[in-house]
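Next comes model19.pdb, with PDB, C-alpha atoms.
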ATOM      1  CA  MET V   1      60.901  32.770  40.039
ATOM      2  CA  LYS V   2      61.578  29.118  40.844
ATOM      3  CA  LYS V   3      57.986  28.240  39.942
ATOM      4  CA  LEU V   4      58.327  30.074  36.621
ATOM      5  CA  LEU V   5      61.534  28.187  35.764
ATOM      6  CA  LEU V   6      59.949  24.829  36.623
ATOM      7  CA  THR V   7      56.918  25.668  34.506
ATOM      8  CA  LEU V   8      59.142  26.734  31.610
ATOM      9  CA  CYS V   9      61.250  23.551  31.882
ATOM     10  CA  GLY V  10      58.106  21.418  31.933
ATOM     11  CA  PHE V  11      56.741  23.199  28.863
ATOM     12  CA  LEU V  12      60.006  22.711  26.966
ATOM     13  CA  MET V  13      60.072  18.993  27.837
ATOM     14  CA  LEU V  14      56.476  18.621  26.675
ATOM     15  CA  MET V  15      57.216  20.398  23.388
ATOM     16  CA  THR V  16      60.299  18.226  22.836
ATOM     17  CA  ASN V  17      58.249  15.062  23.388
ATOM     18  CA  ILE V  18      55.524  16.277  21.035
ATOM     19  CA  SER V  19      58.121  17.196  18.416
ATOM     20  CA  ASN V  20      59.850  13.817  18.710
ATOM     21  CA  SER V  21      56.580  11.892  18.423
ATOM     22  CA  GLN V  22      55.623  13.911  15.346
ATOM     23  CA  ASP V  23      59.006  13.183  13.792
ATOM     24  CA  LEU V  24      58.413   9.428  14.179
ATOM     25  CA  ASN V  25      55.494   9.758  11.769
ATOM     26  CA  ASN V  26      57.972  10.797   9.086
ATOM     27  CA  ILE V  27      60.769   8.324   9.831
ATOM     28  CA  LEU V  28      60.967   4.965   8.067
ATOM     29  CA  TYR V  29      62.846   1.945   9.347
ATOM     30  CA  LEU V  30      64.173   0.012   6.360
ATOM     31  CA  GLU V  31      65.456  -3.347   7.596
ATOM     32  CA  LEU V  32      68.193  -4.844   5.410
ATOM     33  CA  LYS V  33      70.279  -7.996   5.858
ATOM     34  CA  ASP V  34      73.135  -5.966   7.333
ATOM     35  CA  GLY V  35      71.140  -3.610   9.561
ATOM     36  CA  ARG V  36      68.538  -0.889   9.961
ATOM     37  CA  VAL V  37      68.427   2.169   7.722
ATOM     38  CA  GLU V  38      66.517   5.215   8.953
ATOM     39  CA  ILE V  39      64.943   7.419   6.323
ATOM     40  CA  GLU V  40      63.548  10.840   7.108
ATOM     41  CA  MET V  41      60.582  11.468   4.826
ATOM     42  CA  ARG V  42      60.090  15.000   3.505
ATOM     43  CA  PRO V  43      56.408  15.880   3.160
ATOM     44  CA  ASP V  44      57.503  19.501   2.782
ATOM     45  CA  LEU V  45      59.086  18.530  -0.556
ATOM     46  CA  ALA V  46      56.786  15.778  -1.832
ATOM     47  CA  PRO V  47      53.555  15.465   0.167
ATOM     48  CA  LEU V  48      51.844  13.177  -2.368
ATOM     49  CA  HIS V  49      54.833  10.841  -2.518
ATOM     50  CA  VAL V  50      55.244  10.682   1.249
ATOM     51  CA  ALA V  51      51.526   9.985   1.719
ATOM     52  CA  ARG V  52      51.650   7.147  -0.842
ATOM     53  CA  ILE V  53      54.839   5.652   0.632
ATOM     54  CA  LYS V  54      53.168   5.658   4.059
ATOM     55  CA  GLU V  55      50.122   3.844   2.632
ATOM     56  CA  LEU V  56      52.315   1.203   1.007
ATOM     57  CA  VAL V  57      54.417   0.771   4.157
ATOM     58  CA  LYS V  58      51.289   0.265   6.281
ATOM     59  CA  GLU V  59      50.161  -2.418   3.768
ATOM     60  CA  LYS V  60      53.628  -4.056   4.119
ATOM     61  CA  PHE V  61      53.937  -3.720   0.342
ATOM     62  CA  TYR V  62      57.736  -3.376   0.415
ATOM     63  CA  ASP V  63      58.472  -6.363   2.650
ATOM     64  CA  GLY V  64      60.505  -8.936   0.707
ATOM     65  CA  LEU V  65      60.974  -6.811  -2.426
ATOM     66  CA  ALA V  66      64.328  -6.968  -4.199
ATOM     67  CA  PHE V  67      66.842  -4.258  -4.935
ATOM     68  CA  HIS V  68      66.562  -5.160  -8.609
ATOM     69  CA  ARG V  69      68.816  -2.436 -10.009
ATOM     70  CA  VAL V  70      72.002  -1.441  -8.181
ATOM     71  CA  ILE V  71      74.706   0.579  -9.894
ATOM     72  CA  PRO V  72      77.872   1.043  -7.801
ATOM     73  CA  GLY V  73      78.690   4.694  -7.177
ATOM     74  CA  PHE V  74      75.209   5.739  -8.330
ATOM     75  CA  MET V  75      72.111   4.219  -6.715
ATOM     76  CA  ALA V  76      70.130   1.197  -5.460
ATOM     77  CA  GLN V  77      66.559   0.825  -6.765
ATOM     78  CA  THR V  78      63.696  -1.206  -5.273
ATOM     79  CA  GLY V  79      59.919  -1.195  -4.910
ATOM     80  CA  ASP V  80      58.932  -3.411  -7.838
ATOM     81  CA  PRO V  81      56.842  -6.480  -6.918
ATOM     82  CA  LYS V  82      57.842  -8.080 -10.253
ATOM     83  CA  GLY V  83      61.519  -7.642  -9.359
ATOM     84  CA  ASN V  84      62.600  -6.552 -12.830
ATOM     85  CA  GLY V  85      61.820  -2.832 -12.947
ATOM     86  CA  THR V  86      58.513  -3.102 -14.804
ATOM     87  CA  GLY V  87      56.072  -3.367 -11.903
ATOM     88  CA  GLY V  88      54.491  -1.170  -9.291
ATOM     89  CA  SER V  89      51.529  -0.795  -6.986
ATOM     90  CA  GLY V  90      49.237   0.379  -9.764
ATOM     91  CA  VAL V  91      48.802   3.942  -8.468
ATOM     92  CA  LYS V  92      50.670   6.697 -10.313
ATOM     93  CA  ILE V  93      51.818   9.796  -8.435
ATOM     94  CA  LYS V  94      52.044  13.252  -9.990
ATOM     95  CA  ALA V  95      55.632  14.539 -10.124
ATOM     96  CA  GLU V  96      56.725  16.820  -7.273
ATOM     97  CA  PHE V  97      60.011  18.222  -8.534
ATOM     98  CA  THR V  98      61.949  20.605  -6.304
ATOM     99  CA  SER V  99      65.420  22.097  -6.138
ATOM    100  CA  GLU V 100      66.421  19.549  -3.450
ATOM    101  CA  PRO V 101      69.704  18.030  -4.648
ATOM    102  CA  HIS V 102      70.349  14.355  -5.307
ATOM    103  CA  VAL V 103      73.304  13.707  -3.002
ATOM    104  CA  ARG V 104      74.542  10.696  -1.042
ATOM    105  CA  GLY V 105      71.595   9.294   0.925
ATOM    106  CA  THR V 106      68.851  11.024  -1.078
ATOM    107  CA  VAL V 107      65.720   8.890  -1.516
ATOM    108  CA  SER V 108      63.851   9.675  -4.709
ATOM    109  CA  MET V 109      60.980   8.190  -6.695
ATOM    110  CA  ALA V 110      61.825   6.219  -9.809
ATOM    111  CA  ARG V 111      59.703   6.741 -12.894
ATOM    112  CA  ASN V 112      59.071   5.172 -16.270
ATOM    113  CA  GLY V 113      61.220   6.773 -18.947
ATOM    114  CA  PHE V 114      60.001  10.152 -20.129
ATOM    115  CA  ASP V 115      56.631  10.128 -18.346
ATOM    116  CA  ILE V 116      57.310  12.466 -15.422
ATOM    117  CA  ASN V 117      54.024  11.490 -13.739
ATOM    118  CA  SER V 118      54.713   7.746 -13.732
ATOM    119  CA  GLY V 119      56.130   7.474 -10.211
ATOM    120  CA  ASP V 120      54.438   4.576  -8.414
ATOM    121  CA  SER V 121      56.119   2.416  -5.769
ATOM    122  CA  GLN V 122      59.695   2.161  -7.052
ATOM    123  CA  PHE V 123      62.312   4.358  -5.437
ATOM    124  CA  PHE V 124      66.069   4.661  -5.306
ATOM    125  CA  ILE V 125      68.706   5.638  -2.775
ATOM    126  CA  CYS V 126      71.745   7.542  -4.041
ATOM    127  CA  PHE V 127      75.163   6.135  -3.139
ATOM    128  CA  ALA V 128      76.829   9.390  -4.204
ATOM    129  CA  ASP V 129      75.982  12.815  -5.561
ATOM    130  CA  ALA V 130      73.865  12.559  -8.721
ATOM    131  CA  ARG V 131      73.102  16.215  -9.386
ATOM    132  CA  PHE V 132      72.207  15.491 -13.022
ATOM    133  CA  LEU V 133      68.907  14.094 -11.611
ATOM    134  CA  ASP V 134      68.002  17.346  -9.830
ATOM    135  CA  GLY V 135      64.628  18.721 -10.857
ATOM    136  CA  GLN V 136      63.794  15.567 -12.841
ATOM    137  CA  TYR V 137      62.861  13.127 -10.058
ATOM    138  CA  SER V 138      60.750  13.616  -6.934
ATOM    139  CA  VAL V 139      62.931  13.638  -3.816
ATOM    140  CA  TRP V 140      60.863  12.417  -0.864
ATOM    141  CA  GLY V 141      63.432  11.463   1.747
ATOM    142  CA  LYS V 142      66.979  11.237   3.040
ATOM    143  CA  VAL V 143      68.892   8.475   4.815
ATOM    144  CA  ILE V 144      69.738   9.833   8.262
ATOM    145  CA  LYS V 145      71.239   6.663   9.746
ATOM    146  CA  GLY V 146      72.552   3.372   8.393
ATOM    147  CA  MET V 147      73.927   4.447   5.016
ATOM    148  CA  GLU V 148      76.744   1.968   5.610
ATOM    149  CA  PHE V 149      74.116  -0.794   5.243
ATOM    150  CA  VAL V 150      72.850   0.671   1.965
ATOM    151  CA  ASP V 151      76.463   0.578   0.732
ATOM    152  CA  LYS V 152      76.471  -3.206   1.291
ATOM    153  CA  ILE V 153      73.476  -3.940  -0.981
ATOM    154  CA  GLN V 154      74.418  -6.488  -3.646
ATOM    155  CA  ALA V 155      75.393  -4.626  -6.815
ATOM    156  CA  GLY V 156      74.578  -5.436 -10.390
ATOM    157  CA  THR V 157      76.864  -5.035 -13.374
ATOM    158  CA  ALA V 158      77.320  -2.069 -15.682
ATOM    159  CA  ALA V 159      76.806  -4.399 -18.642
ATOM    160  CA  ASN V 160      73.244  -5.078 -17.446
ATOM    161  CA  ASN V 161      72.422  -1.475 -16.405
ATOM    162  CA  GLY V 162      72.684  -2.520 -12.773
ATOM    163  CA  ALA V 163      70.392  -5.567 -12.955
ATOM    164  CA  VAL V 164      71.192  -7.881 -10.042
ATOM    165  CA  ALA V 165      71.229 -11.667 -10.572
ATOM    166  CA  LYS V 166      70.839 -12.548  -6.873
ATOM    167  CA  PRO V 167      69.465  -9.370  -5.344
ATOM    168  CA  ASP V 168      69.311  -8.389  -1.701
ATOM    169  CA  LYS V 169      65.790  -7.843  -0.433
ATOM    170  CA  ILE V 170      64.007  -5.515   1.932
ATOM    171  CA  ILE V 171      63.329  -7.494   5.093
ATOM    172  CA  SER V 172      60.745  -4.963   6.241
ATOM    173  CA  MET V 173      59.879  -1.302   5.974
ATOM    174  CA  ARG V 174      57.924   0.360   8.809
ATOM    175  CA  LEU V 175      56.980   3.787  10.079
ATOM    176  CA  ALA V 176      58.969   4.462  13.245
ATOM    177  CA  SER V 177      55.734   5.529  14.950
ATOM    178  CA  ASP V 178      54.352   2.004  14.406
ATOM    179  CA  VAL V 179      57.387   0.145  15.787
ATOM    180  CA  GLN V 180      57.508  -0.941  19.432
ATOM    181  CA  GLN V 181      60.655   0.511  20.955
TER     182      GLN V 181
END

Please, can you express the file's structure as structure tokens?
Amino acid sequence: MKKLLLTLCGFLMLMTNISNSQDLNNILYLELKDGRVEIEMRPDLAPLHVARIKELVKEKFYDGLAFHRVIPGFMAQTGDPKGNGTGGSGVKIKAEFTSEPHVRGTVSMARNGFDINSGDSQFFICFADARFLDGQYSVWGKVIKGMEFVDKIQAGTAANNGAVAKPDKIISMRLASDVQQ
């Protein structure tokens, strides 16, 4: 009996370690001036988007990019190498709309106007519920830690549709599985 319990405990510990290491492959560390934000990526919702984000993160594409559009009470947008909302990585991603709601902490892919398949590298983080976006933008993640640092991102003005004169920047964005603990 004792041997069976020890074997069972060992198996459970092994499964927990495997599960945790797998989770790290779908966790992003977004380093901002005020602290680290952890984003859980959702390949179950948007596998194409998550795969592309991972590629860009491994290339260090996002490092140093500005939060060029920040609307208080709505969202903070980044991922444009031009810094004005008109740029991207050059690879479009087919829309992956789901019923996942846009709530505080949701990370979703930005797109160009009415072209639903124009998602590229730009994404936004919701400051508050934005349910009017549900089913129209591809949700690929959720902030699971550090939302208080997202709240501190320099905001733009309503008069300029959230454009930020002196924007905060992403210090770095890494897969948790690639970061030395």

Nearest to Leu175 of chain V among V:Gln77, V:Ser121, V:Asn25, V:Asn161, with distances taken over only C-alpha atoms: which residue is it?
V:Asn25

Would you kindly translate the PyMOL selection byres ((chain V and resi 139-148) around 9) into the concrete residues it picks from this file, as a PyMOL selection string?
chain V and resi 34-47+49-50+96-98+100-102+104-109+125+127+134-135+137-138+149-152

In Å, rounded to a single decimal, give me how far atom CA of Tyr62 of chain V is from atom CA of Ile93 of chain V.
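Here the two named atoms are 16.9 Å from each other.
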
Centre and edges of the segment 137-154 of chain V box, axis-aligned, 4 Å extra per side, as lines of an AutoDock Vina configuration file:
center_x = 68.7
center_y = 3.6
center_z = -0.2
size_x = 24.0
size_y = 28.1
size_z = 27.8

Interatomic distance (Å, one decimal) between atom CA of Leu30 of chain V and atom CA of Lys82 of chain V
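Interatomic distance here is 19.5 Å.
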
Suppose you want the space between atom CA of Arg52 of chain V and atom CA of Gly119 of chain V; what is it in Å?
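Separation of atom CA of Arg52 of chain V and atom CA of Gly119 of chain V: 10.4 Å.
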
Rank nothing, just name the residue among V:Ile53, V:Val103, V:Ile116, V:Met75 nearest to Ser89 of chain V, using only C-alpha atoms.
V:Ile53

Result set, the PyMOL selection byres ((chain V and resi 66) around 6) on current file, as a VMD selection string:
chain V and resid 65 67 to 68 78 83 167 to 169

Go ahead and save the picked residues with C-alpha atoms, as a PDB file, in the frame of the given file.
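Now in result_11.pdb:
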ATOM      1  CA  LEU V  65      60.974  -6.811  -2.426  1.00  0.00           C
ATOM      2  CA  PHE V  67      66.842  -4.258  -4.935  1.00  0.00           C
ATOM      3  CA  HIS V  68      66.562  -5.160  -8.609  1.00  0.00           C
ATOM      4  CA  THR V  78      63.696  -1.206  -5.273  1.00  0.00           C
ATOM      5  CA  GLY V  83      61.519  -7.642  -9.359  1.00  0.00           C
ATOM      6  CA  PRO V 167      69.465  -9.370  -5.344  1.00  0.00           C
ATOM      7  CA  ASP V 168      69.311  -8.389  -1.701  1.00  0.00           C
ATOM      8  CA  LYS V 169      65.790  -7.843  -0.433  1.00  0.00           C
TER       9      LYS V 169
END

So what does the PyMOL selection byres ((chain V and resi 162-166) around 6) actually pick up in this one, as an NGL selection string?
:V and (68-71 or 156-158 or 160-161 or 167)

With all atoms listed in the file as the basis for distance, which of V:Ile171, V:Gln154, V:Tyr29, V:Gln180 is at the shortest distance from Ala76 of chain V?
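So, comparing all the options, the nearest one is V:Gln154.
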
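Distances here use all atoms listed in the file; by that measure, the residue among V:Asp63, V:Gly79, V:Ala128, V:Val57 closest to Ser172 of chain V is V:Asp63.
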
Rank V:Ile27, V:Leu48, V:Ala176, V:Leu133 by their smallest atom-to-atom distance to Val91 of chain V, using only C-alpha atoms, and report the top residue only.
V:Leu48

Taking the structure I provided as the source, export segment 33-122 of chain V with C-alpha atoms, as a PDB file, in the first residue's frame.
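Output file result.pdb follows:
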ATOM      1  CA  LYS V  33       8.638  50.346 -17.574  1.00  0.00           C
ATOM      2  CA  ASP V  34       6.584  49.677 -14.446  1.00  0.00           C
ATOM      3  CA  GLY V  35       6.872  45.883 -14.310  1.00  0.00           C
ATOM      4  CA  ARG V  36       6.251  42.488 -15.865  1.00  0.00           C
ATOM      5  CA  VAL V  37       2.928  41.537 -17.424  1.00  0.00           C
ATOM      6  CA  GLU V  38       2.170  37.843 -17.898  1.00  0.00           C
ATOM      7  CA  ILE V  39      -0.056  36.918 -20.805  1.00  0.00           C
ATOM      8  CA  GLU V  40      -1.549  33.472 -21.205  1.00  0.00           C
ATOM      9  CA  MET V  41      -1.805  32.710 -24.913  1.00  0.00           C
ATOM     10  CA  ARG V  42      -4.845  30.760 -26.106  1.00  0.00           C
ATOM     11  CA  PRO V  43      -3.991  28.441 -28.995  1.00  0.00           C
ATOM     12  CA  ASP V  44      -7.345  26.758 -28.386  1.00  0.00           C
ATOM     13  CA  LEU V  45      -9.023  29.984 -29.556  1.00  0.00           C
ATOM     14  CA  ALA V  46      -6.589  31.324 -32.159  1.00  0.00           C
ATOM     15  CA  PRO V  47      -3.888  28.816 -33.132  1.00  0.00           C
ATOM     16  CA  LEU V  48      -2.696  30.807 -36.165  1.00  0.00           C
ATOM     17  CA  HIS V  49      -2.409  34.012 -34.149  1.00  0.00           C
ATOM     18  CA  VAL V  50      -0.592  32.356 -31.262  1.00  0.00           C
ATOM     19  CA  ALA V  51       1.847  30.657 -33.648  1.00  0.00           C
ATOM     20  CA  ARG V  52       2.598  33.983 -35.380  1.00  0.00           C
ATOM     21  CA  ILE V  53       2.988  35.871 -32.084  1.00  0.00           C
ATOM     22  CA  LYS V  54       5.460  33.205 -30.937  1.00  0.00           C
ATOM     23  CA  GLU V  55       7.466  33.604 -34.164  1.00  0.00           C
ATOM     24  CA  LEU V  56       7.600  37.377 -33.748  1.00  0.00           C
ATOM     25  CA  VAL V  57       8.540  37.104 -30.065  1.00  0.00           C
ATOM     26  CA  LYS V  58      11.399  34.713 -30.881  1.00  0.00           C
ATOM     27  CA  GLU V  59      12.629  37.263 -33.484  1.00  0.00           C
ATOM     28  CA  LYS V  60      12.435  39.980 -30.763  1.00  0.00           C
ATOM     29  CA  PHE V  61      10.155  41.893 -33.132  1.00  0.00           C
ATOM     30  CA  TYR V  62       8.211  43.588 -30.320  1.00  0.00           C
ATOM     31  CA  ASP V  63      11.196  44.816 -28.310  1.00  0.00           C
ATOM     32  CA  GLY V  64      11.193  48.627 -28.226  1.00  0.00           C
ATOM     33  CA  LEU V  65       7.846  49.076 -29.999  1.00  0.00           C
ATOM     34  CA  ALA V  66       5.549  51.847 -28.791  1.00  0.00           C
ATOM     35  CA  PHE V  67       2.041  51.702 -27.419  1.00  0.00           C
ATOM     36  CA  HIS V  68       0.993  54.094 -30.170  1.00  0.00           C
ATOM     37  CA  ARG V  69      -2.740  54.153 -29.443  1.00  0.00           C
ATOM     38  CA  VAL V  70      -4.005  54.169 -25.854  1.00  0.00           C
ATOM     39  CA  ILE V  71      -7.580  55.101 -25.031  1.00  0.00           C
ATOM     40  CA  PRO V  72      -8.313  55.327 -21.285  1.00  0.00           C
ATOM     41  CA  GLY V  73     -11.061  52.955 -20.187  1.00  0.00           C
ATOM     42  CA  PHE V  74     -10.825  51.052 -23.483  1.00  0.00           C
ATOM     43  CA  MET V  75      -7.489  49.630 -24.649  1.00  0.00           C
ATOM     44  CA  ALA V  76      -3.734  49.990 -25.284  1.00  0.00           C
ATOM     45  CA  GLN V  77      -2.490  49.079 -28.779  1.00  0.00           C
ATOM     46  CA  THR V  78       1.054  48.188 -29.869  1.00  0.00           C
ATOM     47  CA  GLY V  79       2.945  46.037 -32.358  1.00  0.00           C
ATOM     48  CA  ASP V  80       3.559  48.559 -35.134  1.00  0.00           C
ATOM     49  CA  PRO V  81       7.231  49.071 -36.080  1.00  0.00           C
ATOM     50  CA  LYS V  82       6.284  52.419 -37.684  1.00  0.00           C
ATOM     51  CA  GLY V  83       4.738  53.557 -34.394  1.00  0.00           C
ATOM     52  CA  ASN V  84       1.704  55.200 -35.977  1.00  0.00           C
ATOM     53  CA  GLY V  85      -0.739  52.343 -36.546  1.00  0.00           C
ATOM     54  CA  THR V  86       0.033  51.788 -40.228  1.00  0.00           C
ATOM     55  CA  GLY V  87       2.791  49.183 -40.005  1.00  0.00           C
ATOM     56  CA  GLY V  88       3.200  45.509 -39.309  1.00  0.00           C
ATOM     57  CA  SER V  89       5.425  42.513 -39.862  1.00  0.00           C
ATOM     58  CA  GLY V  90       4.210  41.992 -43.412  1.00  0.00           C
ATOM     59  CA  VAL V  91       2.433  38.678 -42.762  1.00  0.00           C
ATOM     60  CA  LYS V  92      -1.369  38.749 -42.620  1.00  0.00           C
ATOM     61  CA  ILE V  93      -3.233  36.263 -40.430  1.00  0.00           C
ATOM     62  CA  LYS V  94      -6.659  34.859 -41.266  1.00  0.00           C
ATOM     63  CA  ALA V  95      -9.306  35.915 -38.730  1.00  0.00           C
ATOM     64  CA  GLU V  96     -10.055  33.443 -35.928  1.00  0.00           C
ATOM     65  CA  PHE V  97     -13.212  34.856 -34.384  1.00  0.00           C
ATOM     66  CA  THR V  98     -14.731  33.077 -31.395  1.00  0.00           C
ATOM     67  CA  SER V  99     -17.325  33.778 -28.733  1.00  0.00           C
ATOM     68  CA  GLU V 100     -14.557  34.608 -26.210  1.00  0.00           C
ATOM     69  CA  PRO V 101     -15.531  37.962 -24.686  1.00  0.00           C
ATOM     70  CA  HIS V 102     -13.448  41.126 -24.747  1.00  0.00           C
ATOM     71  CA  VAL V 103     -13.159  41.884 -21.031  1.00  0.00           C
ATOM     72  CA  ARG V 104     -10.523  43.533 -18.847  1.00  0.00           C
ATOM     73  CA  GLY V 105      -7.165  41.924 -19.659  1.00  0.00           C
ATOM     74  CA  THR V 106      -8.195  40.385 -22.991  1.00  0.00           C
ATOM     75  CA  VAL V 107      -5.419  40.438 -25.606  1.00  0.00           C
ATOM     76  CA  SER V 108      -6.747  40.615 -29.144  1.00  0.00           C
ATOM     77  CA  MET V 109      -5.343  41.176 -32.623  1.00  0.00           C
ATOM     78  CA  ALA V 110      -5.836  44.580 -34.195  1.00  0.00           C
ATOM     79  CA  ARG V 111      -6.800  44.746 -37.846  1.00  0.00           C
ATOM     80  CA  ASN V 112      -7.049  47.251 -40.661  1.00  0.00           C
ATOM     81  CA  GLY V 113     -10.546  48.685 -40.913  1.00  0.00           C
ATOM     82  CA  PHE V 114     -13.072  46.390 -42.541  1.00  0.00           C
ATOM     83  CA  ASP V 115     -10.630  43.727 -43.757  1.00  0.00           C
ATOM     84  CA  ILE V 116     -11.195  40.964 -41.204  1.00  0.00           C
ATOM     85  CA  ASN V 117      -8.140  39.041 -42.448  1.00  0.00           C
ATOM     86  CA  SER V 118      -5.692  41.925 -42.021  1.00  0.00           C
ATOM     87  CA  GLY V 119      -4.372  40.995 -38.575  1.00  0.00           C
ATOM     88  CA  ASP V 120      -0.568  41.137 -38.624  1.00  0.00           C
ATOM     89  CA  SER V 121       1.583  42.079 -35.630  1.00  0.00           C
ATOM     90  CA  GLN V 122      -0.498  44.775 -33.925  1.00  0.00           C
TER      91      GLN V 122
END
